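One file, start06.txt, is given below (compact mmCIF, C-alpha atoms and all ligand atoms).
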```
# COMPACT_ATOMS: atom_id res chain seq x y z
CA MET L 1 0.00 0.00 0.00
CA GLU L 2 1.22 3.47 -0.86
CA THR L 3 1.50 5.64 2.25
CA SER L 4 -0.74 8.67 2.17
CA TYR L 5 0.46 11.56 4.34
CA ILE L 6 -2.19 13.05 6.57
CA SER L 7 -0.38 15.54 8.76
CA ALA L 8 2.88 17.43 8.82
CA PHE L 9 4.61 19.86 11.15
CA PRO L 10 8.02 21.42 11.78
CA GLY L 11 10.49 19.19 13.59
CA ILE L 12 13.68 20.37 15.26
CA GLY L 13 15.80 22.83 13.27
CA THR L 14 15.35 22.72 9.50
CA THR L 15 13.22 19.58 9.41
CA ARG L 16 9.60 18.69 8.70
CA ILE L 17 7.84 15.60 10.01
CA PHE L 18 5.28 13.85 7.77
CA VAL L 19 2.88 11.34 9.32
CA GLY L 20 1.30 8.68 7.12
CA ASN L 21 -2.11 7.04 7.48
CA ASP L 22 -0.33 3.71 8.03
CA GLY L 23 1.87 4.96 10.89
CA ASN L 24 4.89 5.55 8.64
CA VAL L 25 6.68 8.75 9.53
CA TYR L 26 9.34 10.45 7.47
CA GLU L 27 11.48 13.46 8.08
CA ALA L 28 12.53 15.99 5.44
CA ILE L 29 15.88 17.46 6.43
CA GLY L 30 17.62 20.57 5.11
CA GLY L 31 17.17 21.81 1.54
CA SER L 32 15.10 24.92 0.88
CA ARG L 33 11.95 25.78 2.81
CA ALA L 34 9.87 25.26 -0.37
CA TRP L 35 11.32 21.76 -0.74
CA ARG L 36 10.79 20.76 2.90
CA ASN L 37 7.17 21.93 2.72
CA ASN L 38 6.44 20.33 -0.70
CA ASN L 39 5.28 23.87 -1.41
CA PRO L 40 7.15 25.02 -4.55
CA GLY L 41 5.25 28.32 -4.74
CA ASN L 42 5.67 29.19 -1.03
CA LEU L 43 1.90 29.51 -0.53
CA GLU L 44 0.98 30.77 2.89
CA ASP L 45 -1.08 28.49 5.11
CA GLY L 46 -4.78 29.34 5.33
CA LYS L 47 -8.17 28.33 3.98
CA PHE L 48 -7.05 28.33 0.33
CA ALA L 49 -4.05 26.10 1.04
CA ARG L 50 -6.10 23.71 3.22
CA ASP L 51 -8.84 23.50 0.57
CA ASN L 52 -6.09 22.56 -1.87
CA GLY L 53 -4.66 19.70 0.15
CA ALA L 54 -2.28 21.32 2.67
CA ILE L 55 -1.77 19.07 5.71
CA GLY L 56 0.13 21.42 7.98
CA SER L 57 1.89 24.73 8.50
CA ASP L 58 5.46 25.72 9.27
CA GLY L 59 4.21 28.77 11.13
CA ARG L 60 3.74 30.83 7.96
CA PHE L 61 3.80 28.62 4.86
CA ALA L 62 1.62 25.61 4.07
CA ILE L 63 3.00 22.07 4.09
CA PHE L 64 1.67 19.81 1.31
CA PRO L 65 1.82 15.99 1.32
CA ASP L 66 3.85 15.92 -1.90
CA THR L 67 5.19 18.23 -4.61
CA ALA L 68 2.42 17.37 -7.10
CA THR L 69 -0.21 18.59 -4.62
CA GLY L 70 1.86 21.73 -4.01
CA PHE L 71 2.01 22.48 -7.76
CA ASN L 72 -1.69 21.75 -8.16
CA ALA L 73 -2.47 24.28 -5.41
CA MET L 74 -0.32 26.82 -7.23
CA VAL L 75 -2.12 26.23 -10.56
CA ASN L 76 -5.47 26.61 -8.79
CA LEU L 77 -4.27 29.86 -7.23
CA LEU L 78 -3.19 31.17 -10.66
CA SER L 79 -6.65 30.16 -11.97
CA THR L 80 -8.47 32.44 -9.53
CA ASN L 81 -9.92 35.70 -10.77
CA ALA L 82 -7.31 37.69 -8.84
CA TYR L 83 -4.68 36.36 -11.29
CA GLN L 84 -6.81 35.62 -14.36
CA LYS L 85 -7.53 39.32 -14.86
CA LEU L 86 -3.78 40.09 -14.99
CA THR L 87 -0.95 39.60 -17.49
CA VAL L 88 2.06 37.40 -16.77
CA GLU L 89 3.87 40.58 -15.66
CA GLY L 90 0.99 41.51 -13.37
CA THR L 91 1.07 38.00 -11.93
CA ILE L 92 4.78 38.20 -11.11
CA ASN L 93 4.27 41.64 -9.52
CA ARG L 94 1.41 40.31 -7.44
CA TYR L 95 3.08 37.02 -6.64
CA ALA L 96 6.41 38.52 -5.73
CA PRO L 97 5.97 42.11 -4.54
CA PRO L 98 8.77 44.43 -5.78
CA SER L 99 9.88 45.09 -2.21
CA GLU L 100 10.75 41.41 -1.79
CA ASN L 101 12.20 40.55 -5.19
CA LYS L 102 14.07 42.02 -8.12
CA VAL L 103 11.18 42.09 -10.57
CA GLU L 104 13.07 42.62 -13.85
CA ASN L 105 15.33 39.61 -13.21
CA TYR L 106 12.29 37.62 -12.21
CA LEU L 107 10.37 38.53 -15.39
CA GLN L 108 13.32 37.71 -17.65
CA SER L 109 13.72 34.35 -15.93
CA ILE L 110 10.01 33.55 -16.42
CA GLU L 111 10.03 34.62 -20.08
CA ARG L 112 13.18 32.60 -20.76
CA GLN L 113 11.81 29.48 -19.05
CA THR L 114 8.26 29.51 -20.44
CA GLY L 115 8.46 31.44 -23.71
CA PHE L 116 5.38 33.43 -22.61
CA PRO L 117 5.96 37.18 -23.18
CA ARG L 118 5.28 39.24 -20.06
CA SER L 119 2.34 40.93 -21.81
CA THR L 120 0.47 37.58 -22.16
CA PRO L 121 -2.99 37.78 -20.57
CA MET L 122 -3.28 35.07 -17.92
CA ASN L 123 -6.69 34.02 -19.26
CA ASN L 124 -5.01 33.04 -22.56
CA LEU L 125 -3.04 30.33 -20.75
CA SER L 126 -4.32 26.75 -20.51
CA LYS L 127 -4.01 24.64 -17.33
CA ASP L 128 -0.85 23.08 -18.79
CA ASN L 129 0.54 26.56 -19.50
CA LEU L 130 -0.27 27.58 -15.91
CA LEU L 131 1.65 24.54 -14.68
CA GLN L 132 4.63 25.61 -16.85
CA LEU L 133 4.38 29.08 -15.32
CA ALA L 134 4.11 27.60 -11.81
CA LYS L 135 7.23 25.49 -12.44
CA ALA L 136 9.12 28.53 -13.73
CA ILE L 137 8.13 30.55 -10.64
CA ALA L 138 9.16 27.65 -8.41
CA LYS L 139 12.53 27.39 -10.14
CA HIS L 140 13.13 31.10 -9.73
CA GLU L 141 12.11 30.94 -6.05
CA GLY L 142 14.74 28.21 -5.61
CA ASN L 143 13.71 24.65 -4.82
CA ILE L 144 16.76 22.95 -3.33
CA PRO L 145 16.30 19.31 -2.28
CA GLY L 146 17.51 18.09 1.09
CA LYS L 147 17.42 14.56 2.51
CA LYS L 148 14.52 12.32 3.43
CA ARG L 149 14.67 9.80 6.23
CA LEU L 150 12.15 7.19 7.28
CA VAL L 151 11.79 7.66 11.03
CA PRO L 152 12.11 4.32 12.87
CA LYS L 153 9.08 3.28 14.95
CA ASN L 154 11.05 3.53 18.23
CA GLU L 155 11.53 7.25 17.56
CA THR L 156 7.78 7.84 17.31
CA TYR L 157 4.83 7.58 19.70
CA VAL L 158 1.14 8.43 19.97
CA TRP L 159 0.21 11.33 22.28
CA VAL L 160 -2.58 10.29 24.66
CA THR L 161 -4.42 12.60 27.07
CA VAL L 162 -6.42 11.46 30.13
CA GLY L 163 -9.49 12.83 28.33
CA ASP L 164 -11.03 14.92 31.10
CA ASP L 165 -11.94 18.61 31.02
CA LYS L 166 -8.68 19.66 32.70
CA VAL L 167 -6.53 18.70 29.70
CA ARG L 168 -4.96 21.89 28.37
CA PRO L 169 -6.23 22.79 24.88
CA GLU L 170 -2.71 22.63 23.33
CA HIS L 171 -2.53 18.98 24.43
CA GLU L 172 -6.16 18.16 23.59
CA VAL L 173 -5.40 18.82 19.89
CA LEU L 174 -2.48 16.38 20.07
CA ASP L 175 -4.60 13.52 21.43
CA GLY L 176 -4.19 10.45 19.22
CA LYS L 177 -1.58 12.14 17.02
CA ILE L 178 1.67 10.46 16.02
CA ARG L 179 4.72 12.45 17.14
CA THR L 180 8.47 11.94 17.15
CA TRP L 181 10.58 12.26 20.29
CA TYR L 182 12.26 15.24 18.61
CA ASP L 183 9.03 17.27 18.68
CA THR L 184 8.41 19.44 21.69
CA PRO L 185 6.66 19.47 24.02
CA ARG L 186 6.74 15.80 25.01
CA PRO L 187 4.13 14.24 27.32
CA LYS L 188 4.75 15.05 31.04
CA GLU L 189 7.41 17.58 30.07
CA GLU L 190 5.32 20.62 30.92
CA TYR L 191 4.45 21.30 34.57
CA GLY L 192 1.42 19.30 35.70
CA CYS L 193 0.92 17.52 32.35
CA ARG L 194 -0.80 14.14 32.82
CA CYS L 195 -0.58 13.06 29.18
CA HIS L 196 1.41 9.98 28.21
CA ALA L 197 2.98 8.30 25.19
CA GLU L 198 1.84 5.02 23.66
CA SER L 199 3.70 3.10 21.01
CA VAL L 200 2.60 3.37 17.38
CA LYS L 201 0.83 0.22 16.16
ZN ZN O 301 -0.78 17.19 28.92
```
The structure in this file should be written as structure tokens.
Ligand SMILES: [Zn+2]
Amino acid sequence: METSYISAFPGIGTTRIFVGNDGNVYEAIGGSRAWRNNNPGNLEDGKFARDNGAIGSDGRFAIFPDTATGFNAMVNLLSTNAYQKLTVEGTINRYAPPSENKVENYLQSIERQTGFPRSTPMNNLSKDNLLQLAKAIAKHEGNIPGKKRLVPKNETYVWVTVGDDKVRPEHEVLDGKIRTWYDTPRPKEEYGCRCHAESVK
């Protein structure tokens, strides 16, 4: 059975933890933030990202279960009216505000990679064209792979609360969730915490 990843969160340092529906856990280590998050367009977490398959947040950006889902979210974003009414140039200006990026370099890179002149109306582009544009944006944003590691079962556990009304809300949301021992907090670590760890089946 192919593992399907159902939740993800930041681990220690530059890592992300991905939890599968079958109890498999892997860790994405190093590389660029876009790579670790499977989020080639650096989409911020929020309703749009969640509606498009995001399974977690790194505090600002969405974490997707895989790169294909991340690209699909990007294409869907570029298909919204906010972008469809613009040109390619307008899209780059909106996507990457001039204060954050050198726009002329960015535009030349996009034109070179896609062959779409900057004056191209977005609504002239097909879904496939939008994917080409998304890939060009992702390349310009810099998608540097790191390493992936399957996390051994003895490094993971299930967070279990006592289930009464005194459980603190931050722990209530962790009830039944698979964690690694590298994630903080750990059960009983915080003052007065009555939660405990059970092994992953
Ligand atoms: Zn607790």
Nearby residues (only C-alpha atoms) at most 8 Å from L:Ala28, same-chain spacing under 2 positions excluded, as a list of chain:residue names: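 In the requested format, the answer is L:Thr15, L:Arg16, L:Ile17, L:Phe18, L:Tyr26, L:Gly30, L:Arg36, L:Gly146, L:Lys147, L:Lys148, L:Arg149.
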Requested write-out: C-alpha atoms of the selected residues, as a compact mmCIF listing (two decimals), in the frame of the given file:
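File written: part17.txt
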```txt
# COMPACT_ATOMS: atom_id res chain seq x y z
CA THR L 15 13.22 19.58 9.41
CA ARG L 16 9.60 18.69 8.70
CA ILE L 17 7.84 15.60 10.01
CA PHE L 18 5.28 13.85 7.77
CA TYR L 26 9.34 10.45 7.47
CA GLY L 30 17.62 20.57 5.11
CA ARG L 36 10.79 20.76 2.90
CA GLY L 146 17.51 18.09 1.09
CA LYS L 147 17.42 14.56 2.51
CA LYS L 148 14.52 12.32 3.43
CA ARG L 149 14.67 9.80 6.23
```
Which value, in Å to one decimal, gives the distance between atom CA of L:Trp35 and atom CA of L:Gly142?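 Separating atom CA of L:Trp35 from atom CA of L:Gly142 is a distance of 8.8 Å.
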Could you build a table of the residues in chain L lying no more than 10 Å from ligand ZN 301 (chain O), giving for each the nearest pair of atoms and their separation in Å rounded to one decimal place, using all atoms listed in the file, ordered by chain and ascending residue number, as CSV?
```
residue,atom,partner,partner_atom,distance
L:Trp159,CA,O:ZN301,ZN,8.9
L:Val160,CA,O:ZN301,ZN,8.3
L:Thr161,CA,O:ZN301,ZN,6.1
L:Val162,CA,O:ZN301,ZN,8.1
L:Gly163,CA,O:ZN301,ZN,9.8
L:Lys166,CA,O:ZN301,ZN,9.1
L:Val167,CA,O:ZN301,ZN,6.0
L:Arg168,CA,O:ZN301,ZN,6.3
L:Pro169,CA,O:ZN301,ZN,8.8
L:Glu170,CA,O:ZN301,ZN,8.0
L:His171,CA,O:ZN301,ZN,5.1
L:Glu172,CA,O:ZN301,ZN,7.6
L:Leu174,CA,O:ZN301,ZN,9.0
L:Asp175,CA,O:ZN301,ZN,9.2
L:Pro185,CA,O:ZN301,ZN,9.2
L:Arg186,CA,O:ZN301,ZN,8.6
L:Pro187,CA,O:ZN301,ZN,5.9
L:Lys188,CA,O:ZN301,ZN,6.3
L:Glu189,CA,O:ZN301,ZN,8.3
L:Glu190,CA,O:ZN301,ZN,7.3
L:Tyr191,CA,O:ZN301,ZN,8.7
L:Gly192,CA,O:ZN301,ZN,7.4
L:Cys193,CA,O:ZN301,ZN,3.8
L:Arg194,CA,O:ZN301,ZN,5.0
L:Cys195,CA,O:ZN301,ZN,4.1
L:His196,CA,O:ZN301,ZN,7.6
```
Nearest-residue call for L:Leu131, choices L:Gly53, L:Pro65, L:Pro10, L:Gly70, using only C-alpha atoms: L:Gly70
Give me, as a count of residues only, all polymer residues having an atom no more than 9 Å from L:Gln132, counting all atoms listed in the file and skipping those fewer than 5 positions away in the same chain. 4
Nearest residue to L:Ser4 out of L:Gly20, L:Gly31, L:Gly41, L:Pro121, using all atoms listed in the file?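 Counting all atoms listed in the file, the residue closest to L:Ser4 is L:Gly20.
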